$ cat run.txt   # compact mmCIF, C-alpha atoms
# COMPACT_ATOMS: atom_id res chain seq x y z
CA MET A 1 -21.79 33.52 -22.12
CA ALA A 2 -19.92 30.76 -23.96
CA HIS A 3 -19.44 27.53 -22.03
CA TYR A 4 -16.29 25.69 -23.00
CA VAL A 5 -15.56 22.07 -22.33
CA VAL A 6 -11.94 21.36 -21.54
CA PRO A 7 -10.71 18.12 -23.19
CA VAL A 8 -9.94 15.18 -20.92
CA LYS A 9 -6.57 15.84 -19.33
CA GLN A 10 -3.82 13.64 -20.68
CA THR A 11 -0.08 13.82 -20.39
CA PRO A 12 0.86 16.42 -23.04
CA ALA A 13 3.35 15.49 -25.73
CA VAL A 14 6.73 17.14 -25.24
CA PRO A 15 7.11 19.88 -27.88
CA SER A 16 10.04 19.51 -30.25
CA PRO A 17 12.27 22.59 -30.68
CA ALA A 18 11.71 24.21 -34.06
CA ALA A 19 12.58 27.37 -35.98
CA THR A 20 10.85 29.12 -38.84
CA LEU A 21 11.91 32.02 -41.05
CA VAL A 22 9.73 34.74 -42.56
CA LEU A 23 11.45 35.88 -45.73
CA LEU A 24 10.58 39.36 -46.95
CA ARG A 25 11.00 41.21 -50.22
CA ASP A 26 9.95 44.68 -51.34
CA ARG A 27 6.95 45.27 -53.57
CA PRO A 28 7.66 47.66 -56.50
CA ASP A 29 4.63 49.73 -55.49
CA GLY A 30 5.52 49.75 -51.79
CA GLY A 31 5.00 47.34 -48.94
CA VAL A 32 6.44 43.88 -48.42
CA GLU A 33 5.71 40.36 -49.61
CA CYS A 34 6.26 37.25 -47.48
CA LEU A 35 7.22 33.82 -48.77
CA LEU A 36 4.58 31.18 -48.03
CA MET A 37 5.05 27.54 -48.98
CA ARG A 38 2.46 24.78 -49.16
CA ARG A 39 3.20 21.70 -47.10
CA HIS A 40 2.90 18.34 -48.82
CA LEU A 41 -0.55 16.78 -48.54
CA LYS A 42 1.01 13.71 -46.90
CA SER A 43 2.79 15.72 -44.20
CA LYS A 44 2.13 14.65 -40.62
CA PHE A 45 1.77 18.27 -39.55
CA ALA A 46 -0.12 21.09 -41.31
CA ALA A 47 -0.68 19.03 -44.46
CA GLY A 48 -1.74 21.28 -47.34
CA ASP A 49 -1.36 24.50 -45.34
CA PHE A 50 0.71 27.46 -46.52
CA VAL A 51 3.44 28.14 -43.96
CA PHE A 52 6.79 29.85 -43.59
CA PRO A 53 9.88 27.70 -44.25
CA GLY A 54 11.03 25.96 -41.09
CA GLY A 55 11.15 22.77 -39.11
CA LYS A 56 12.60 20.88 -36.19
CA ILE A 57 15.98 21.78 -34.72
CA ASP A 58 18.48 18.96 -34.71
CA ALA A 59 21.48 18.39 -32.45
CA GLY A 60 23.58 18.64 -35.59
CA ASP A 61 22.49 22.26 -36.01
CA ASN A 62 24.90 23.35 -33.29
CA PRO A 63 28.23 21.51 -33.54
CA GLU A 64 31.00 22.67 -31.24
CA ASP A 65 32.49 25.01 -33.86
CA ALA A 66 29.13 26.39 -35.04
CA ALA A 67 29.81 29.96 -33.90
CA ARG A 68 32.89 30.08 -36.13
CA TRP A 69 30.64 29.86 -39.19
CA CYS A 70 28.10 32.46 -38.06
CA ARG A 71 28.41 36.15 -38.87
CA GLY A 72 27.65 38.81 -36.30
CA LEU A 73 26.15 36.51 -33.67
CA GLU A 74 27.86 34.89 -30.70
CA MET A 75 26.39 32.06 -28.66
CA LYS A 76 25.97 34.18 -25.54
CA GLU A 77 24.06 36.83 -27.47
CA ALA A 78 21.87 34.21 -29.14
CA ALA A 79 21.12 32.73 -25.72
CA ARG A 80 20.28 36.15 -24.27
CA ARG A 81 17.85 36.97 -27.05
CA LEU A 82 16.01 33.66 -26.66
CA GLY A 83 16.12 33.59 -22.87
CA LEU A 84 18.21 30.41 -22.96
CA GLU A 85 21.24 31.61 -21.02
CA ASP A 86 21.77 28.13 -19.60
CA ALA A 87 21.90 26.57 -23.10
CA PRO A 88 23.90 28.86 -25.41
CA ARG A 89 24.76 26.18 -27.99
CA THR A 90 21.11 25.18 -28.24
CA ALA A 91 20.13 28.82 -28.67
CA LEU A 92 22.53 29.34 -31.57
CA GLY A 93 21.10 26.20 -33.14
CA TYR A 94 17.75 27.97 -33.65
CA TRP A 95 19.35 30.59 -35.92
CA ILE A 96 21.26 27.92 -37.81
CA GLY A 97 18.25 25.62 -38.05
CA ALA A 98 16.11 28.38 -39.53
CA ILE A 99 18.72 28.95 -42.26
CA ARG A 100 19.20 25.22 -42.92
CA GLU A 101 15.47 24.51 -43.15
CA THR A 102 15.00 27.44 -45.53
CA PHE A 103 17.71 26.07 -47.80
CA GLU A 104 16.17 22.59 -47.75
CA GLU A 105 12.58 23.68 -48.31
CA ALA A 106 12.90 26.83 -50.41
CA GLY A 107 16.35 26.56 -51.98
CA LEU A 108 17.33 29.95 -50.52
CA LEU A 109 20.62 30.15 -48.65
CA LEU A 110 21.37 33.04 -46.30
CA ALA A 111 25.15 32.89 -46.43
CA VAL A 112 28.16 34.67 -47.90
CA ASP A 113 31.21 33.24 -49.62
CA ALA A 114 34.88 33.70 -48.72
CA THR A 115 34.87 37.14 -50.39
CA GLY A 116 31.91 38.33 -48.31
CA ARG A 117 29.46 38.26 -51.23
CA ASP A 118 26.06 36.59 -51.16
CA VAL A 119 26.54 32.99 -52.18
CA ASP A 120 25.61 31.99 -55.73
CA VAL A 121 23.46 28.85 -55.47
CA THR A 122 22.93 28.38 -59.22
CA PRO A 123 25.82 25.91 -59.79
CA PRO A 124 24.42 22.33 -59.98
CA ARG A 125 26.42 21.20 -56.96
CA PHE A 126 24.14 23.28 -54.69
CA ALA A 127 21.14 21.33 -55.92
CA GLU A 128 23.01 18.18 -54.89
CA TYR A 129 23.81 19.71 -51.49
CA ARG A 130 20.11 20.46 -51.06
CA LYS A 131 19.14 16.87 -51.82
CA ALA A 132 21.78 15.62 -49.42
CA CYS A 133 20.41 17.86 -46.67
CA HIS A 134 17.03 16.18 -47.01
CA ARG A 135 18.68 12.85 -46.35
CA GLN A 136 20.83 14.01 -43.44
CA ASN A 137 21.22 17.37 -41.67
CA ALA A 138 24.96 16.84 -41.37
CA ALA A 139 25.20 17.42 -45.13
CA PHE A 140 24.45 21.09 -44.49
CA TRP A 141 27.69 21.45 -42.55
CA THR A 142 29.57 19.56 -45.24
CA MET A 143 28.40 22.22 -47.69
CA ILE A 144 29.28 25.13 -45.39
CA ARG A 145 32.80 23.88 -44.75
CA THR A 146 33.51 22.70 -48.29
CA GLU A 147 32.34 25.96 -49.87
CA ARG A 148 33.93 28.10 -47.11
CA LEU A 149 30.64 29.86 -46.44
CA THR A 150 29.60 32.01 -43.51
CA LEU A 151 25.98 31.95 -42.38
CA ALA A 152 24.30 35.37 -42.46
CA THR A 153 22.91 34.99 -38.95
CA ASP A 154 23.25 38.74 -38.48
CA ARG A 155 20.36 39.28 -40.90
CA LEU A 156 17.85 37.30 -38.84
CA VAL A 157 15.56 39.15 -36.44
CA TYR A 158 13.98 37.07 -33.68
CA PHE A 159 10.41 38.23 -33.09
CA ALA A 160 8.03 35.50 -31.85
CA HIS A 161 7.80 32.32 -29.76
CA TRP A 162 4.86 29.94 -30.10
CA ILE A 163 4.23 26.57 -28.47
CA THR A 164 1.66 24.16 -29.93
CA PRO A 165 -1.38 23.62 -27.66
CA GLU A 166 -1.03 20.84 -25.09
CA GLU A 167 -4.13 19.20 -26.57
CA GLN A 168 -2.34 18.46 -29.85
CA PRO A 169 -0.61 15.08 -30.32
CA LEU A 170 2.23 16.62 -32.37
CA ARG A 171 3.75 19.67 -30.72
CA PHE A 172 6.48 22.21 -31.50
CA ASP A 173 8.27 24.86 -29.47
CA THR A 174 8.90 27.28 -32.32
CA ARG A 175 11.03 30.41 -32.54
CA PHE A 176 10.12 32.79 -35.37
CA PHE A 177 12.71 34.85 -37.23
CA ALA A 178 12.48 37.29 -40.12
CA ALA A 179 15.05 38.31 -42.73
CA PRO A 180 15.33 39.84 -46.20
CA ALA A 181 15.18 37.26 -48.97
CA PRO A 182 18.70 36.73 -50.36
CA ALA A 183 19.27 38.83 -53.47
CA GLY A 184 19.71 37.01 -56.76
CA GLN A 185 18.23 33.72 -55.54
CA GLN A 186 14.95 32.17 -56.65
CA ALA A 187 12.74 30.24 -54.24
CA SER A 188 11.55 26.81 -55.30
CA GLY A 189 9.62 23.98 -53.67
CA ASP A 190 11.38 20.71 -53.02
CA ASP A 191 8.44 18.41 -53.92
CA PHE A 192 9.29 16.57 -50.72
CA GLU A 193 8.08 18.78 -47.89
CA MET A 194 6.91 21.79 -49.90
CA THR A 195 4.97 21.54 -53.15
CA ASP A 196 4.03 25.13 -54.00
CA LEU A 197 4.93 28.67 -53.03
CA LYS A 198 3.51 32.17 -53.17
CA TRP A 199 4.89 35.64 -52.49
CA LEU A 200 2.03 37.58 -50.92
CA THR A 201 1.55 40.68 -48.82
CA PRO A 202 0.08 39.91 -45.40
CA ARG A 203 -3.30 41.26 -46.43
CA GLU A 204 -3.29 39.36 -49.72
CA ALA A 205 -2.58 36.14 -47.85
CA VAL A 206 -5.41 36.62 -45.35
CA GLU A 207 -7.85 37.60 -48.12
CA ALA A 208 -6.83 34.51 -50.13
CA GLN A 209 -7.62 32.39 -47.08
CA GLN A 210 -11.00 34.06 -46.67
CA ARG A 211 -11.80 33.21 -50.31
CA GLY A 212 -10.83 29.60 -49.68
CA GLU A 213 -7.87 29.74 -52.08
CA ILE A 214 -5.25 28.84 -49.48
CA SER A 215 -5.22 27.45 -45.95
CA LEU A 216 -3.33 29.27 -43.19
CA ARG A 217 -2.76 28.21 -39.59
CA ASN A 218 -3.50 30.56 -36.70
CA PRO A 219 0.18 31.35 -35.85
CA THR A 220 0.88 32.06 -39.52
CA VAL A 221 -1.94 34.59 -39.72
CA LYS A 222 -1.00 36.29 -36.44
CA ASN A 223 2.66 36.61 -37.41
CA LEU A 224 1.91 37.66 -40.98
CA MET A 225 -0.07 40.64 -39.74
CA LEU A 226 2.95 41.91 -37.82
CA PHE A 227 4.34 42.92 -41.22
CA ASP A 228 1.16 44.56 -42.49
CA GLY A 229 1.60 48.25 -43.24
CA ALA A 230 5.39 48.15 -43.46
CA ARG A 231 6.76 50.51 -46.10
CA ASP A 232 9.50 48.11 -47.13
CA THR A 233 11.63 45.25 -45.79
CA ALA A 234 13.96 47.53 -43.82
CA HIS A 235 10.99 49.21 -42.14
CA ALA A 236 9.36 45.85 -41.38
CA LEU A 237 12.47 44.48 -39.67
CA ASP A 238 13.20 47.71 -37.85
CA ARG A 239 9.76 47.56 -36.23
CA LEU A 240 10.61 44.14 -34.80
CA LYS A 241 14.13 44.79 -33.51
CA ASP A 242 14.59 44.79 -29.74
CA GLY A 243 10.92 43.99 -29.20
CA VAL A 244 9.88 41.98 -26.15
CA VAL A 245 9.02 38.42 -27.18
CA THR A 246 6.29 36.78 -25.11
CA THR A 247 5.72 33.04 -25.31
CA ILE A 248 2.31 32.24 -26.81
CA ARG A 249 0.66 28.89 -26.10
CA PRO A 250 -2.90 28.65 -27.47
CA ARG A 251 -5.41 26.22 -25.96
CA VAL A 252 -7.96 24.00 -27.71
CA VAL A 253 -11.42 23.79 -26.15
CA MET A 254 -14.78 22.46 -27.29
CA GLN A 255 -18.05 24.40 -27.39
CA GLY A 256 -20.55 21.71 -28.28
CA ASP A 257 -19.20 20.13 -31.47
CA GLU A 258 -17.21 23.23 -32.35
CA ARG A 259 -13.48 23.28 -31.80
CA THR A 260 -12.24 26.67 -30.56
CA ILE A 261 -8.74 28.06 -30.29
CA LEU A 262 -8.22 30.30 -27.26
CA MET A 263 -5.35 32.77 -27.12
CA PRO A 264 -3.79 34.12 -23.92
CA GLY A 265 -6.09 36.83 -22.61
CA ASP A 266 -9.24 35.40 -24.19
CA PRO A 267 -12.19 34.64 -21.90
CA GLY A 268 -11.98 31.01 -20.80
CA TYR A 269 -8.23 30.71 -21.39
CA PHE A 270 -6.57 28.58 -18.74

$ encode --input "run.txt" --output "structure tokens"
Amino acid sequence: MAHYVVPVKQTPAVPSPAATLVLLRDRPDGGVECLLMRRHLKSKFAAGDFVFPGGKIDAGDNPEDAARWCRGLEMKEAARRLGLEDAPRTALGYWIGAIRETFEEAGLLLAVDATGRDVDVTPPRFAEYRKACHRQNAAFWTMIRTERLTLATDRLVYFAHWITPEEQPLRFDTRFFAAPAPAGQQASGDDFEMTDLKWLTPREAVEAQQRGEISLRNPTVKNLMLFDGARDTAHALDRLKDGVVTTIRPRVVMQGDERTILMPGDPGYF
């Protein structure tokens, strides 16, 4: 039997609210690919790892008129889906934050223009908007209002909720969403937070990690495999819709000099 040593109990860091978005696209030969981006080697969190686009949620992600700019999603419904009925504006901010972070990090914008068509982000001004968003989140709303865009929040499917282990000094309370990659747009790193990207099937990503070609974090692997075996993007998202989302908080324990991650249900989990 394994004997685990629980780290010395300290006051855990308060996890910051965060959102991440799994973008999917169809493979010509069947199945789906997921967008994975490599975090900058100087990042404070997950440096060098391949992750889904995402980041911390900011108060500016849910201004008072936020719902007006969201398609097919009201604050009460967002709150119900996340189990945040007492904080509807905060709940809506997760959807918005996932879209904003994806635009900042990957250059992909899930939004439609005033005619209802997917937004064209090729004009140079969108590159300037993206740079401005890195400096200040409020710039995202300047872009939305100036360009008369509507966020495609109706395309996002909420499917997972992970909280960083209490033993970690930097913690996040992260909601995971999935959506089809916007048609006609090309993903690109920002050389600020993300320096590389790959479109891989879930199995390709895990096999690349096993060969030592990329580094993946535990939540990334677990959530990637939820899309394994899907026939296409529509099938992958349909499998997730209306699913029960259970909060997952791993624990870090020591077995001798070996650091072990315990998942809920594992022997020794506390």

$ residues_around --input "run.txt" --residues "Arg81 (chain A)" --least-positions-apart "3" --cutoff "9 Å" --atoms "all atoms listed in the file" --output "PyMOL selection string"
chain A and resi 76-78+84-85+91+158+242+245

$ closest_residue --input "run.txt" --among "A:Gln255, A:Gln210, A:Ser215, A:Thr247" --to "Ala47 (chain A)" --atoms "only C-alpha atoms"
A:Ser215

$ residues_near_point --input "run.txt" --point "(22.3, 18.0, -33.0)" --cutoff "12 Å" --atoms "all atoms listed in the file" --output "list of chain:residue names"
A:Pro17, A:Lys56, A:Ile57, A:Asp58, A:Ala59, A:Gly60, A:Asp61, A:Asn62, A:Pro63, A:Glu64, A:Ala66, A:Arg89, A:Thr90, A:Ala91, A:Leu92, A:Gly93, A:Tyr94, A:Ile96, A:Gly97, A:Gln136, A:Asn137, A:Ala138, A:Trp141

$ atom_distance --input "run.txt" --atom1 "CA of Pro165 (chain A)" --atom2 "CA of Val252 (chain A)"
6.6 Å

$ closest_residue --input "run.txt" --among "A:Val119, A:Trp69, A:Val206, A:Ala114" --to "Thr142 (chain A)" --atoms "all atoms listed in the file"
A:Trp69

$ atom_distance --input "run.txt" --atom1 "CA of Ala19 (chain A)" --atom2 "CA of Trp199 (chain A)"
20.0 Å

$ closest_residue --input "run.txt" --among "A:Val32, A:Thr20, A:Glu105, A:Thr122" --to "Asp232 (chain A)" --atoms "all atoms listed in the file"
A:Val32

$ decode --input "run.txt" --residues "region 88-117 of chain A" --atoms "N, CA and C atoms" --output "short mmCIF file (atom, residue, chain, number, x, y, z; two decimals), in the first residue's frame"
data_model
loop_
_atom_site.label_atom_id
_atom_site.label_comp_id
_atom_site.auth_asym_id
_atom_site.auth_seq_id
_atom_site.Cartn_x
_atom_site.Cartn_y
_atom_site.Cartn_z
N PRO A 88 -25.09 36.49 -11.17
CA PRO A 88 -25.31 36.34 -12.61
C PRO A 88 -24.35 37.13 -13.49
N ARG A 89 -23.99 38.35 -13.08
CA ARG A 89 -23.05 39.12 -13.90
C ARG A 89 -21.68 38.46 -13.93
N THR A 90 -21.25 37.94 -12.79
CA THR A 90 -19.98 37.23 -12.74
C THR A 90 -20.02 36.02 -13.65
N ALA A 91 -21.13 35.29 -13.62
CA ALA A 91 -21.26 34.09 -14.44
C ALA A 91 -21.12 34.41 -15.92
N LEU A 92 -21.80 35.44 -16.38
CA LEU A 92 -21.71 35.82 -17.79
C LEU A 92 -20.28 36.19 -18.15
N GLY A 93 -19.56 36.75 -17.18
CA GLY A 93 -18.18 37.15 -17.42
C GLY A 93 -17.27 35.99 -17.79
N TYR A 94 -17.61 34.77 -17.37
CA TYR A 94 -16.80 33.61 -17.76
C TYR A 94 -16.89 33.37 -19.26
N TRP A 95 -18.10 33.43 -19.81
CA TRP A 95 -18.26 33.26 -21.26
C TRP A 95 -17.48 34.35 -22.01
N ILE A 96 -17.66 35.57 -21.56
CA ILE A 96 -17.02 36.71 -22.23
C ILE A 96 -15.51 36.61 -22.10
N GLY A 97 -15.04 36.26 -20.90
CA GLY A 97 -13.60 36.16 -20.67
C GLY A 97 -12.96 35.09 -21.54
N ALA A 98 -13.65 33.98 -21.74
CA ALA A 98 -13.11 32.92 -22.59
C ALA A 98 -12.94 33.42 -24.03
N ILE A 99 -13.90 34.20 -24.51
CA ILE A 99 -13.81 34.75 -25.87
C ILE A 99 -12.72 35.80 -25.95
N ARG A 100 -12.64 36.68 -24.95
CA ARG A 100 -11.61 37.74 -24.95
C ARG A 100 -10.21 37.14 -24.92
N GLU A 101 -10.00 36.18 -24.01
CA GLU A 101 -8.67 35.58 -23.88
C GLU A 101 -8.26 34.87 -25.17
N THR A 102 -9.21 34.24 -25.84
CA THR A 102 -8.91 33.55 -27.08
C THR A 102 -8.51 34.53 -28.17
N PHE A 103 -9.16 35.69 -28.19
CA PHE A 103 -8.77 36.72 -29.15
C PHE A 103 -7.37 37.23 -28.85
N GLU A 104 -7.08 37.50 -27.59
CA GLU A 104 -5.76 38.00 -27.20
C GLU A 104 -4.66 37.00 -27.53
N GLU A 105 -4.86 35.75 -27.16
CA GLU A 105 -3.79 34.76 -27.23
C GLU A 105 -3.69 34.07 -28.58
N ALA A 106 -4.83 33.84 -29.24
CA ALA A 106 -4.83 33.09 -30.50
C ALA A 106 -5.22 33.91 -31.71
N GLY A 107 -5.72 35.13 -31.50
CA GLY A 107 -6.14 35.96 -32.62
C GLY A 107 -7.45 35.52 -33.25
N LEU A 108 -8.18 34.64 -32.59
CA LEU A 108 -9.46 34.14 -33.08
C LEU A 108 -10.59 34.83 -32.31
N LEU A 109 -11.57 35.35 -33.03
CA LEU A 109 -12.63 36.12 -32.40
C LEU A 109 -13.99 35.48 -32.70
N LEU A 110 -14.62 34.96 -31.67
CA LEU A 110 -15.95 34.37 -31.81
C LEU A 110 -16.99 35.48 -31.68
N ALA A 111 -17.31 36.08 -32.82
CA ALA A 111 -18.25 37.20 -32.84
C ALA A 111 -18.81 37.34 -34.25
N VAL A 112 -19.94 38.02 -34.35
CA VAL A 112 -20.54 38.32 -35.65
C VAL A 112 -20.68 39.82 -35.80
N ASP A 113 -20.71 40.28 -37.05
CA ASP A 113 -20.84 41.71 -37.30
C ASP A 113 -22.30 42.13 -37.32
N ALA A 114 -22.56 43.36 -37.71
CA ALA A 114 -23.92 43.90 -37.68
C ALA A 114 -24.86 43.19 -38.64
N THR A 115 -24.29 42.49 -39.64
CA THR A 115 -25.12 41.75 -40.60
C THR A 115 -25.36 40.32 -40.15
N GLY A 116 -24.75 39.91 -39.05
CA GLY A 116 -24.90 38.55 -38.56
C GLY A 116 -23.88 37.58 -39.10
N ARG A 117 -22.90 38.09 -39.86
CA ARG A 117 -21.86 37.22 -40.41
C ARG A 117 -20.66 37.15 -39.47
#
